[in-house]
$ cat my_file-v8.pdb   # PDB, C-alpha atoms
MODEL        1
ATOM      1  CA  MET Z   1      28.710  -4.791 -17.026
ATOM      2  CA  ALA Z   2      25.219  -5.088 -15.680
ATOM      3  CA  ASP Z   3      22.614  -6.326 -18.115
ATOM      4  CA  ARG Z   4      20.484  -3.511 -19.504
ATOM      5  CA  ARG Z   5      16.752  -3.999 -19.590
ATOM      6  CA  PRO Z   6      15.285  -4.315 -23.078
ATOM      7  CA  ARG Z   7      12.902  -1.671 -24.375
ATOM      8  CA  SER Z   8      10.063  -4.187 -24.215
ATOM      9  CA  PHE Z   9      10.393  -4.168 -20.408
ATOM     10  CA  PHE Z  10       9.447  -0.491 -20.205
ATOM     11  CA  GLY Z  11       6.590  -0.967 -22.651
ATOM     12  CA  LEU Z  12       5.200  -3.868 -20.624
ATOM     13  CA  SER Z  13       5.676  -1.911 -17.384
ATOM     14  CA  LEU Z  14       3.661   0.975 -18.810
ATOM     15  CA  PHE Z  15       0.948  -1.428 -19.948
ATOM     16  CA  PHE Z  16       0.849  -3.029 -16.492
ATOM     17  CA  ALA Z  17       0.585   0.386 -14.797
ATOM     18  CA  VAL Z  18      -2.330   1.349 -17.060
ATOM     19  CA  PHE Z  19      -3.968  -1.999 -16.311
ATOM     20  CA  LEU Z  20      -3.659  -1.416 -12.551
ATOM     21  CA  MET Z  21      -5.095   2.080 -12.942
ATOM     22  CA  PHE Z  22      -8.023   0.692 -14.926
ATOM     23  CA  LEU Z  23      -8.551  -2.098 -12.378
ATOM     24  CA  TYR Z  24      -8.291  -0.157  -9.124
ATOM     25  CA  GLY Z  25      -8.900   3.441 -10.244
ATOM     26  CA  PRO Z  26     -12.718   3.321  -9.952
ATOM     27  CA  MET Z  27     -12.555   1.735  -6.497
ATOM     28  CA  ILE Z  28     -10.023   4.317  -5.283
ATOM     29  CA  SER Z  29     -12.119   7.158  -6.732
ATOM     30  CA  ILE Z  30     -15.231   5.947  -4.900
ATOM     31  CA  LEU Z  31     -13.250   5.565  -1.683
ATOM     32  CA  VAL Z  32     -11.932   9.130  -1.924
ATOM     33  CA  LEU Z  33     -15.279  10.676  -2.895
ATOM     34  CA  SER Z  34     -17.040   8.948   0.008
ATOM     35  CA  PHE Z  35     -15.108  11.203   2.431
ATOM     36  CA  GLN Z  36     -16.537  14.438   1.042
ATOM     37  CA  GLY Z  37     -18.155  17.149   3.115
ATOM     38  CA  PRO Z  38     -21.936  17.656   3.476
ATOM     39  CA  GLU Z  39     -22.074  19.654   0.234
ATOM     40  CA  GLY Z  40     -20.103  17.073  -1.745
ATOM     41  CA  GLY Z  41     -21.217  15.754  -5.116
ATOM     42  CA  LEU Z  42     -20.689  12.658  -7.212
ATOM     43  CA  VAL Z  43     -17.607  13.789  -9.147
ATOM     44  CA  PHE Z  44     -14.308  15.546  -8.614
ATOM     45  CA  PRO Z  45     -13.241  18.054  -7.416
ATOM     46  CA  MET Z  46     -14.066  17.215  -3.804
ATOM     47  CA  ASN Z  47     -16.040  19.675  -1.735
ATOM     48  CA  GLY Z  48     -14.607  19.457   1.751
ATOM     49  CA  MET Z  49     -13.606  16.355   3.657
ATOM     50  CA  SER Z  50     -15.470  14.657   6.505
ATOM     51  CA  LEU Z  51     -17.226  11.492   7.694
ATOM     52  CA  HIS Z  52     -20.644  13.045   7.061
ATOM     53  CA  TRP Z  53     -21.858  10.426   4.587
ATOM     54  CA  PHE Z  54     -20.748   7.534   6.776
ATOM     55  CA  GLU Z  55     -22.595   9.088   9.728
ATOM     56  CA  ARG Z  56     -25.709   9.521   7.604
ATOM     57  CA  LEU Z  57     -25.422   5.967   6.366
ATOM     58  CA  TRP Z  58     -25.078   4.634   9.915
ATOM     59  CA  ALA Z  59     -27.991   6.727  11.163
ATOM     60  CA  GLY Z  60     -30.284   5.471   8.391
ATOM     61  CA  GLY Z  61     -33.151   7.362   6.854
ATOM     62  CA  GLY Z  62     -31.125   8.467   3.857
ATOM     63  CA  GLN Z  63     -31.780   7.599   0.265
ATOM     64  CA  VAL Z  64     -30.003   4.253   0.683
ATOM     65  CA  GLU Z  65     -31.951   2.030   3.096
ATOM     66  CA  ILE Z  66     -29.485  -0.741   3.852
ATOM     67  CA  GLY Z  67     -30.338  -2.149   7.268
ATOM     68  CA  SER Z  68     -32.560  -5.086   6.318
ATOM     69  CA  ALA Z  69     -30.749  -5.742   3.029
ATOM     70  CA  LEU Z  70     -27.380  -5.778   4.794
ATOM     71  CA  ARG Z  71     -28.552  -8.225   7.466
ATOM     72  CA  ARG Z  72     -30.203 -10.430   4.848
ATOM     73  CA  SER Z  73     -27.093 -10.548   2.675
ATOM     74  CA  PHE Z  74     -24.844 -11.229   5.655
ATOM     75  CA  VAL Z  75     -26.915 -14.121   6.993
ATOM     76  CA  LEU Z  76     -27.348 -15.567   3.490
ATOM     77  CA  ALA Z  77     -23.598 -15.359   2.852
ATOM     78  CA  LEU Z  78     -22.907 -17.148   6.151
ATOM     79  CA  VAL Z  79     -25.331 -19.961   5.290
ATOM     80  CA  VAL Z  80     -23.850 -20.268   1.799
ATOM     81  CA  MET Z  81     -20.336 -20.351   3.281
ATOM     82  CA  VAL Z  82     -21.175 -23.158   5.716
ATOM     83  CA  LEU Z  83     -22.946 -25.240   3.072
ATOM     84  CA  THR Z  84     -20.184 -24.675   0.524
ATOM     85  CA  VAL Z  85     -17.481 -25.831   2.944
ATOM     86  CA  SER Z  86     -19.487 -28.830   4.181
ATOM     87  CA  ILE Z  87     -20.588 -30.091   0.765
ATOM     88  CA  SER Z  88     -17.161 -29.486  -0.791
ATOM     89  CA  VAL Z  89     -15.418 -31.538   1.917
ATOM     90  CA  LEU Z  90     -17.916 -34.386   1.632
ATOM     91  CA  ALA Z  91     -17.666 -34.373  -2.157
ATOM     92  CA  GLY Z  92     -13.871 -34.273  -1.997
ATOM     93  CA  LEU Z  93     -13.856 -37.312   0.278
ATOM     94  CA  ALA Z  94     -16.314 -39.146  -1.983
ATOM     95  CA  PHE Z  95     -14.310 -38.466  -5.152
ATOM     96  CA  ARG Z  96     -11.137 -39.895  -3.654
ATOM     97  CA  ARG Z  97     -12.438 -43.232  -4.901
ATOM     98  CA  ARG Z  98     -13.632 -43.888  -8.402
ATOM     99  CA  PHE Z  99     -17.271 -44.804  -8.783
ATOM    100  CA  ARG Z 100     -19.629 -45.239 -11.681
ATOM    101  CA  GLY Z 101     -20.745 -41.936 -13.123
ATOM    102  CA  SER Z 102     -18.187 -39.850 -11.210
ATOM    103  CA  THR Z 103     -16.955 -38.036 -14.314
ATOM    104  CA  VAL Z 104     -20.447 -37.115 -15.458
ATOM    105  CA  LEU Z 105     -21.352 -35.997 -11.943
ATOM    106  CA  LEU Z 106     -18.259 -33.786 -11.816
ATOM    107  CA  TYR Z 107     -19.124 -32.099 -15.115
ATOM    108  CA  VAL Z 108     -22.707 -31.549 -13.991
ATOM    109  CA  ALA Z 109     -21.529 -30.038 -10.700
ATOM    110  CA  ILE Z 110     -19.263 -27.456 -12.329
ATOM    111  CA  ALA Z 111     -21.374 -26.783 -15.438
ATOM    112  CA  SER Z 112     -22.988 -23.725 -13.865
ATOM    113  CA  LEU Z 113     -19.660 -21.903 -14.129
ATOM    114  CA  ILE Z 114     -20.028 -21.680 -17.910
ATOM    115  CA  VAL Z 115     -23.745 -20.892 -17.979
ATOM    116  CA  PRO Z 116     -24.566 -17.152 -17.966
ATOM    117  CA  SER Z 117     -25.603 -16.103 -14.477
ATOM    118  CA  ILE Z 118     -28.809 -14.420 -15.588
ATOM    119  CA  VAL Z 119     -29.868 -17.632 -17.360
ATOM    120  CA  VAL Z 120     -29.315 -19.607 -14.147
ATOM    121  CA  SER Z 121     -31.363 -17.055 -12.217
ATOM    122  CA  LEU Z 122     -34.215 -17.144 -14.738
ATOM    123  CA  GLY Z 123     -34.227 -20.949 -14.772
ATOM    124  CA  ILE Z 124     -34.380 -21.240 -10.980
ATOM    125  CA  ALA Z 125     -37.106 -18.582 -10.807
ATOM    126  CA  LEU Z 126     -39.145 -20.516 -13.395
ATOM    127  CA  GLU Z 127     -38.776 -23.746 -11.414
ATOM    128  CA  PHE Z 128     -39.996 -22.109  -8.232
ATOM    129  CA  ARG Z 129     -42.906 -20.427  -9.985
ATOM    130  CA  LEU Z 130     -43.968 -23.841 -11.270
ATOM    131  CA  LEU Z 131     -43.642 -25.086  -7.690
ATOM    132  CA  ASP Z 132     -45.843 -22.173  -6.549
ATOM    133  CA  GLU Z 133     -48.536 -23.168  -9.025
ATOM    134  CA  ALA Z 134     -48.316 -26.805  -7.903
ATOM    135  CA  ILE Z 135     -48.720 -25.822  -4.244
ATOM    136  CA  LYS Z 136     -51.678 -23.575  -5.029
ATOM    137  CA  ASP Z 137     -53.353 -26.314  -7.092
ATOM    138  CA  PHE Z 138     -52.764 -28.794  -4.287
ATOM    139  CA  GLY Z 139     -54.197 -26.368  -1.746
ATOM    140  CA  ALA Z 140     -57.306 -25.818  -3.859
ATOM    141  CA  ALA Z 141     -57.815 -29.539  -4.473
ATOM    142  CA  ALA Z 142     -57.289 -30.470  -0.822
ATOM    143  CA  GLY Z 143     -59.224 -27.514   0.540
ATOM    144  CA  ILE Z 144     -56.321 -26.248   2.664
ATOM    145  CA  GLY Z 145     -57.352 -22.791   3.791
ATOM    146  CA  TRP Z 146     -53.996 -21.245   4.633
ATOM    147  CA  ILE Z 147     -52.627 -22.117   1.188
ATOM    148  CA  GLN Z 148     -55.671 -20.667  -0.542
ATOM    149  CA  ASN Z 149     -55.725 -17.485   1.543
ATOM    150  CA  ASP Z 150     -52.193 -16.762   2.726
ATOM    151  CA  PHE Z 151     -49.694 -18.555   0.486
ATOM    152  CA  VAL Z 152     -47.898 -16.252  -1.958
ATOM    153  CA  SER Z 153     -44.656 -17.836  -3.131
ATOM    154  CA  VAL Z 154     -41.759 -20.010  -2.034
ATOM    155  CA  LEU Z 155     -39.362 -17.614  -3.749
ATOM    156  CA  GLY Z 156     -37.085 -16.094  -1.135
ATOM    157  CA  PRO Z 157     -33.494 -15.549  -0.023
ATOM    158  CA  PHE Z 158     -33.191 -18.870   1.822
ATOM    159  CA  THR Z 159     -35.013 -21.042  -0.736
ATOM    160  CA  SER Z 160     -34.498 -20.104  -4.365
ATOM    161  CA  GLY Z 161     -31.893 -17.478  -3.469
ATOM    162  CA  LEU Z 162     -29.829 -19.971  -1.510
ATOM    163  CA  GLY Z 163     -29.942 -22.433  -4.389
ATOM    164  CA  ALA Z 164     -28.910 -19.777  -6.899
ATOM    165  CA  HIS Z 165     -25.909 -18.736  -4.818
ATOM    166  CA  LEU Z 166     -24.800 -22.328  -4.302
ATOM    167  CA  THR Z 167     -24.718 -22.835  -8.082
ATOM    168  CA  TRP Z 168     -22.002 -20.161  -8.073
ATOM    169  CA  THR Z 169     -20.005 -20.982  -4.940
ATOM    170  CA  LEU Z 170     -20.074 -24.790  -4.903
ATOM    171  CA  PRO Z 171     -18.128 -25.348  -8.155
ATOM    172  CA  PHE Z 172     -15.227 -23.281  -6.803
ATOM    173  CA  GLY Z 173     -15.294 -25.156  -3.507
ATOM    174  CA  LEU Z 174     -15.419 -28.507  -5.274
ATOM    175  CA  LEU Z 175     -12.503 -27.703  -7.569
ATOM    176  CA  ILE Z 176     -10.377 -26.562  -4.622
ATOM    177  CA  MET Z 177     -11.120 -29.671  -2.567
ATOM    178  CA  PHE Z 178     -10.556 -32.003  -5.533
ATOM    179  CA  ALA Z 179      -7.118 -30.437  -6.020
ATOM    180  CA  VAL Z 180      -6.356 -30.745  -2.293
ATOM    181  CA  PHE Z 181      -7.323 -34.407  -2.047
ATOM    182  CA  ASN Z 182      -5.504 -35.279  -5.288
ATOM    183  CA  ARG Z 183      -2.275 -34.235  -3.552
ATOM    184  CA  PHE Z 184      -3.190 -35.655  -0.154
ATOM    185  CA  ASP Z 185      -0.910 -38.444   1.081
ATOM    186  CA  PRO Z 186      -3.107 -41.291   2.405
ATOM    187  CA  ALA Z 187      -0.169 -42.725   4.352
ATOM    188  CA  TYR Z 188      -1.028 -40.484   7.305
ATOM    189  CA  GLU Z 189      -4.538 -41.901   7.474
ATOM    190  CA  GLU Z 190      -3.246 -45.447   7.113
ATOM    191  CA  ALA Z 191      -0.844 -44.861  10.008
ATOM    192  CA  ALA Z 192      -3.699 -43.587  12.180
ATOM    193  CA  ARG Z 193      -5.827 -46.638  11.352
ATOM    194  CA  ASP Z 194      -2.896 -48.942  12.098
ATOM    195  CA  LEU Z 195      -2.722 -47.353  15.547
ATOM    196  CA  GLY Z 196      -6.370 -48.189  16.160
ATOM    197  CA  ALA Z 197      -8.121 -44.964  15.181
ATOM    198  CA  THR Z 198     -11.699 -45.203  13.942
ATOM    199  CA  PRO Z 199     -12.646 -43.582  10.603
ATOM    200  CA  TRP Z 200     -14.132 -40.604  12.445
ATOM    201  CA  GLN Z 201     -11.055 -40.210  14.668
ATOM    202  CA  THR Z 202      -8.832 -40.420  11.606
ATOM    203  CA  PHE Z 203     -10.783 -37.686   9.865
ATOM    204  CA  ARG Z 204     -11.000 -35.470  12.948
ATOM    205  CA  HIS Z 205      -7.427 -35.738  14.177
ATOM    206  CA  VAL Z 206      -5.490 -36.350  10.942
ATOM    207  CA  THR Z 207      -7.346 -35.366   7.783
ATOM    208  CA  LEU Z 208      -9.191 -32.282   9.025
ATOM    209  CA  PRO Z 209      -6.166 -30.483  10.551
ATOM    210  CA  MET Z 210      -4.205 -31.030   7.336
ATOM    211  CA  ILE Z 211      -6.892 -29.622   5.040
ATOM    212  CA  ALA Z 212      -8.065 -26.865   7.448
ATOM    213  CA  PRO Z 213      -6.094 -24.017   5.756
ATOM    214  CA  PHE Z 214      -7.713 -24.888   2.439
ATOM    215  CA  LEU Z 215     -11.142 -24.947   4.055
ATOM    216  CA  ILE Z 216     -10.563 -21.341   5.065
ATOM    217  CA  GLY Z 217      -9.972 -20.524   1.408
ATOM    218  CA  VAL Z 218     -13.205 -22.284   0.442
ATOM    219  CA  ALA Z 219     -15.022 -20.370   3.189
ATOM    220  CA  VAL Z 220     -13.704 -17.047   1.877
ATOM    221  CA  PHE Z 221     -14.826 -17.964  -1.638
ATOM    222  CA  GLY Z 222     -18.261 -18.989  -0.394
ATOM    223  CA  PHE Z 223     -18.866 -15.859   1.667
ATOM    224  CA  THR Z 224     -17.489 -13.237  -0.714
ATOM    225  CA  LEU Z 225     -19.050 -14.699  -3.869
ATOM    226  CA  SER Z 226     -22.447 -14.787  -2.183
ATOM    227  CA  TRP Z 227     -21.992 -11.392  -0.518
ATOM    228  CA  ASP Z 228     -21.633  -9.460  -3.783
ATOM    229  CA  GLU Z 229     -23.632 -11.653  -6.189
ATOM    230  CA  LEU Z 230     -26.140  -9.675  -8.255
ATOM    231  CA  ALA Z 231     -26.976 -11.446 -11.513
ATOM    232  CA  ARG Z 232     -27.978 -14.774  -9.952
ATOM    233  CA  SER Z 233     -29.956 -12.942  -7.268
ATOM    234  CA  SER Z 234     -31.912 -10.737  -9.635
ATOM    235  CA  GLN Z 235     -34.828 -13.102 -10.364
ATOM    236  CA  VAL Z 236     -34.934 -15.404  -7.339
ATOM    237  CA  MET Z 237     -35.229 -13.295  -4.176
ATOM    238  CA  GLY Z 238     -38.953 -12.729  -4.324
ATOM    239  CA  ALA Z 239     -40.042  -9.625  -2.417
ATOM    240  CA  ASP Z 240     -36.737  -9.268  -0.531
ATOM    241  CA  ASN Z 241     -33.651  -7.510  -1.837
ATOM    242  CA  THR Z 242     -30.074  -8.381  -1.006
ATOM    243  CA  LEU Z 243     -27.512  -5.619  -0.552
ATOM    244  CA  PRO Z 244     -26.168  -5.760  -4.152
ATOM    245  CA  MET Z 245     -29.746  -5.626  -5.484
ATOM    246  CA  GLN Z 246     -30.482  -2.640  -3.240
ATOM    247  CA  LEU Z 247     -27.367  -0.902  -4.507
ATOM    248  CA  ALA Z 248     -28.259  -1.596  -8.132
ATOM    249  CA  ALA Z 249     -31.752  -0.206  -7.598
ATOM    250  CA  LYS Z 250     -30.388   2.968  -6.026
ATOM    251  CA  THR Z 251     -27.774   3.725  -8.679
ATOM    252  CA  THR Z 252     -30.489   5.067 -11.006
ATOM    253  CA  THR Z 253     -31.595   7.722  -8.492
ATOM    254  CA  VAL Z 254     -28.426   8.431  -6.500
ATOM    255  CA  THR Z 255     -27.693  12.156  -6.089
ATOM    256  CA  ASP Z 256     -25.117  12.295  -3.297
ATOM    257  CA  PRO Z 257     -22.028  10.382  -2.065
ATOM    258  CA  GLU Z 258     -23.990   8.287   0.431
ATOM    259  CA  ILE Z 259     -23.870   5.330  -1.942
ATOM    260  CA  TYR Z 260     -20.099   5.810  -2.218
ATOM    261  CA  ALA Z 261     -19.867   5.559   1.562
ATOM    262  CA  LEU Z 262     -21.830   2.319   1.418
ATOM    263  CA  GLY Z 263     -19.506   0.949  -1.267
ATOM    264  CA  THR Z 264     -16.459   1.878   0.803
ATOM    265  CA  ALA Z 265     -17.908   0.283   3.948
ATOM    266  CA  THR Z 266     -18.853  -2.992   2.266
ATOM    267  CA  THR Z 267     -15.517  -3.209   0.437
ATOM    268  CA  ALA Z 268     -13.655  -2.614   3.698
ATOM    269  CA  GLY Z 269     -15.692  -5.366   5.335
ATOM    270  CA  SER Z 270     -14.852  -7.831   2.560
ATOM    271  CA  VAL Z 271     -11.147  -6.955   2.658
ATOM    272  CA  LEU Z 272     -11.111  -7.289   6.442
ATOM    273  CA  LEU Z 273     -12.734 -10.724   6.227
ATOM    274  CA  VAL Z 274     -10.155 -11.912   3.689
ATOM    275  CA  ILE Z 275      -7.270 -10.595   5.818
ATOM    276  CA  VAL Z 276      -8.603 -12.252   8.976
ATOM    277  CA  MET Z 277      -9.236 -15.585   7.269
ATOM    278  CA  PHE Z 278      -5.864 -15.766   5.559
ATOM    279  CA  THR Z 279      -4.094 -14.664   8.725
ATOM    280  CA  LEU Z 280      -5.828 -17.526  10.501
ATOM    281  CA  ALA Z 281      -4.738 -19.900   7.733
ATOM    282  CA  SER Z 282      -1.137 -18.689   8.029
ATOM    283  CA  LEU Z 283      -1.161 -19.203  11.799
ATOM    284  CA  MET Z 284      -2.529 -22.713  11.366
ATOM    285  CA  GLN Z 285       0.195 -23.568   8.850
ATOM    286  CA  ARG Z 286       2.908 -22.265  11.172
ATOM    287  CA  ARG Z 287       1.473 -24.231  14.044
ATOM    288  CA  GLY Z 288       1.399 -27.348  11.898
ATOM    289  CA  GLY Z 289       4.993 -26.754  10.826
ATOM    290  CA  ARG Z 290       6.185 -26.477  14.427
ATOM    291  CA  GLY Z 291       4.271 -29.653  15.276
TER     292      GLY Z 291
ENDMDL
END

$ encode --input "my_file-v8.pdb" --output "structure tokens"
Amino acid sequence: MADRRPRSFFGLSLFFAVFLMFLYGPMISILVLSFQGPEGGLVFPMNGMSLHWFERLWAGGGQVEIGSALRRSFVLALVVMVLTVSISVLAGLAFRRRFRGSTVLLYVAIASLIVPSIVVSLGIALEFRLLDEAIKDFGAAAGIGWIQNDFVSVLGPFTSGLGAHLTWTLPFGLLIMFAVFNRFDPAYEEAARDLGATPWQTFRHVTLPMIAPFLIGVAVFGFTLSWDELARSSQVMGADNTLPMQLAAKTTTVTDPEIYALGTATTAGSVLLVIVMFTLASLMQRRGGRG
């Protein structure tokens, strides 16, 4: 006789279904409501069905002004992604050998994961405000006109904002690369060196192709974590808003589903990026397996 499932199985299945509903229900609701007609509201039941709010969002001029914030967030996320991948690879290579202070340096590098994000943002903002005061004092003492007349602040997306986002993305990249290199077989590199390859040729033709799929994962982490980061951005962007900050500012005055359309569009973009990157990683692994 076939084994019967215990009653606990059905209880756990029900709990898991409720968990999935709690996890994805809000996102699905926003997705559905974003396709309402021109007279649609913010809650169910839906009033018609159309692409009106996406067309309004694309045309601009609505209550959600996203153009500059979207471009700013996209470029910032790209810069964060490149720096996260580059620094994580270099750090992973460096930590393959023990050196004095490596353990302390590791703990310092990943400590920002356990510090509340708003505290990190406030701390970075304070540092840059102190830097502002130092620059202004220097400009006054040295008689530099443009500092005295035109300088406002060094706070901005690609100064303090970039640093704040890296405190969030780099620890994940470092942990991934440390795990990769801990399992990396150095025999392949030794074989390349025995055949006369230089250190750079060994890295380019042996090490890099083997770790490339994991670099795609680090890149996805770097881009997506920066793309939707709000708390660490809140105090460090100066006069410029990122897309999550713009969304947060608009949620207090939103009166129509346009913001739902924006949420659907940005979520679709993030999902598409993840699919493309992991498809690329899968193709690279298959190619490596055939080789």

$ residues_around --input "my_file-v8.pdb" --residues "stretch 245-251 of chain Z" --least-positions-apart "6" --cutoff "12 Å" --atoms "all atoms listed in the file" --output "VMD selection string"
chain Z and resid 42 62 to 70 72 to 73 157 227 to 239 257 to 263 266

$ atom_distance --input "my_file-v8.pdb" --atom1 "atom CA of Z:Pro213" --atom2 "atom CA of Z:Ala281"
4.8 Å

$ atom_distance --input "my_file-v8.pdb" --atom1 "atom CA of Z:Val271" --atom2 "atom CA of Z:Ala77"
15.0 Å

$ residues_around --input "my_file-v8.pdb" --residues "Z:Phe184" --least-positions-apart "3" --cutoff "9 Å" --atoms "all atoms listed in the file" --output "VMD selection string"
chain Z and resid 179 to 181 187 207 210 to 211

$ resolve_selection --input "my_file-v8.pdb" --expression "the PyMOL selection byres ((chain Z and resi 270) around 12)" --output "ChimeraX atom specification"
/Z:74,77,220-221,223-228,263-269,271-277

$ axis_aligned_box --input "my_file-v8.pdb" --around "stretch 166-171 of chain Z" --padding-each-side "3 Å" --output "AutoDock Vina command-line options"
--center_x -21.5 --center_y -22.8 --center_z -6.2 --size_x 12.7 --size_y 11.2 --size_z 9.9

$ resolve_selection --input "my_file-v8.pdb" --expression "the PyMOL selection byres ((chain Z and resi 173) around 12)" --output "PyMOL selection string"
chain Z and resi 80-92+109-110+113+166-172+174-180+214-223+225

$ atom_distance --input "my_file-v8.pdb" --atom1 "atom CA of Z:Trp58" --atom2 "atom CA of Z:Gly161"
26.7 Å

$ closest_residue --input "my_file-v8.pdb" --among "Z:Asp240, Z:Trp53, Z:Arg183, Z:Ile147" --to "Z:Gly41" --atoms "all atoms listed in the file"
Z:Trp53

$ closest_residue --input "my_file-v8.pdb" --among "Z:Asp150, Z:Gly156, Z:Val32, Z:Leu105" --to "Z:Asn241" --atoms "only C-alpha atoms"
Z:Gly156

$ resolve_selection --input "my_file-v8.pdb" --expression "the PyMOL selection byres ((chain Z and resi 203) around 12)" --output "list in words"
Val89, Leu90, Leu93, Pro186, Tyr188, Glu189, Glu190, Ala192, Arg193, Ala197, Thr198, Pro199, Trp200, Gln201, Thr202, Arg204, His205, Val206, Thr207, Leu208, Pro209, Met210, Ile211 and Ala212 of chain Z

$ closest_residue --input "my_file-v8.pdb" --among "Z:Phe22, Z:Asp256, Z:Ser8, Z:Ile114" --to "Z:Arg56" --atoms "all atoms listed in the file"
Z:Asp256

$ residues_around --input "my_file-v8.pdb" --residues "stretch 131-146 of chain Z" --least-positions-apart "4" --cutoff "12 Å" --atoms "all atoms listed in the file" --output "mmCIF file with C-alpha atoms, keeping the file's coordinate frame"
data_model
loop_
_atom_site.group_PDB
_atom_site.id
_atom_site.type_symbol
_atom_site.label_atom_id
_atom_site.label_comp_id
_atom_site.auth_asym_id
_atom_site.auth_seq_id
_atom_site.Cartn_x
_atom_site.Cartn_y
_atom_site.Cartn_z
ATOM 1 C CA ILE Z 124 -34.380 -21.240 -10.980
ATOM 2 C CA ALA Z 125 -37.106 -18.582 -10.807
ATOM 3 C CA LEU Z 126 -39.145 -20.516 -13.395
ATOM 4 C CA GLU Z 127 -38.776 -23.746 -11.414
ATOM 5 C CA ASP Z 150 -52.193 -16.762 2.726
ATOM 6 C CA PHE Z 151 -49.694 -18.555 0.486
ATOM 7 C CA VAL Z 152 -47.898 -16.252 -1.958
ATOM 8 C CA SER Z 153 -44.656 -17.836 -3.131
ATOM 9 C CA VAL Z 154 -41.759 -20.010 -2.034
ATOM 10 C CA LEU Z 155 -39.362 -17.614 -3.749
ATOM 11 C CA GLY Z 156 -37.085 -16.094 -1.135
ATOM 12 C CA THR Z 159 -35.013 -21.042 -0.736
ATOM 13 C CA SER Z 160 -34.498 -20.104 -4.365
ATOM 14 C CA GLY Z 238 -38.953 -12.729 -4.324
#

$ residues_around --input "my_file-v8.pdb" --residues "Z:Pro45" --least-positions-apart "6" --cutoff "12 Å" --atoms "all atoms listed in the file" --output "list in words"
Ser29, Val32, Leu33, Gln36, Gly37 and Glu39 of chain Z

$ build_atoms --input "my_file-v8.pdb" --residues "stretch 242-246 of chain Z" --atoms "all heavy atoms" --output "tab-separated table (two decimals), keeping the file's coordinate frame"
chain	number	residue	atom	x	y	z
Z	242	THR	N	-31.37	-8.29	-1.67
Z	242	THR	CA	-30.07	-8.38	-1.01
Z	242	THR	C	-29.37	-7.04	-1.15
Z	242	THR	O	-29.85	-6.13	-1.85
Z	242	THR	CB	-29.21	-9.48	-1.64
Z	242	THR	OG1	-29.04	-9.20	-3.03
Z	242	THR	CG2	-29.87	-10.85	-1.47
Z	243	LEU	N	-28.23	-6.89	-0.51
Z	243	LEU	CA	-27.51	-5.62	-0.55
Z	243	LEU	C	-27.09	-5.24	-1.98
Z	243	LEU	O	-27.28	-4.09	-2.38
Z	243	LEU	CB	-26.30	-5.68	0.38
Z	243	LEU	CG	-25.50	-4.38	0.52
Z	243	LEU	CD1	-26.38	-3.27	1.06
Z	243	LEU	CD2	-24.30	-4.59	1.43
Z	244	PRO	N	-26.51	-6.14	-2.78
Z	244	PRO	CA	-26.17	-5.76	-4.15
Z	244	PRO	C	-27.39	-5.34	-4.96
Z	244	PRO	O	-27.30	-4.42	-5.78
Z	244	PRO	CB	-25.52	-7.04	-4.72
Z	244	PRO	CG	-25.00	-7.76	-3.54
Z	244	PRO	CD	-25.98	-7.49	-2.45
Z	245	MET	N	-28.53	-6.00	-4.77
Z	245	MET	CA	-29.75	-5.63	-5.48
Z	245	MET	C	-30.22	-4.24	-5.04
Z	245	MET	O	-30.68	-3.44	-5.86
Z	245	MET	CB	-30.84	-6.66	-5.25
Z	245	MET	CG	-30.54	-8.03	-5.82
Z	245	MET	SD	-31.75	-9.28	-5.33
Z	245	MET	CE	-33.22	-8.66	-6.15
Z	246	GLN	N	-30.10	-3.96	-3.75
Z	246	GLN	CA	-30.48	-2.64	-3.24
Z	246	GLN	C	-29.58	-1.56	-3.83
Z	246	GLN	O	-30.05	-0.48	-4.22
Z	246	GLN	CB	-30.39	-2.63	-1.72
Z	246	GLN	CG	-30.99	-1.41	-1.05
Z	246	GLN	CD	-32.50	-1.48	-0.99
Z	246	GLN	OE1	-33.12	-2.39	-1.53
Z	246	GLN	NE2	-33.10	-0.48	-0.36
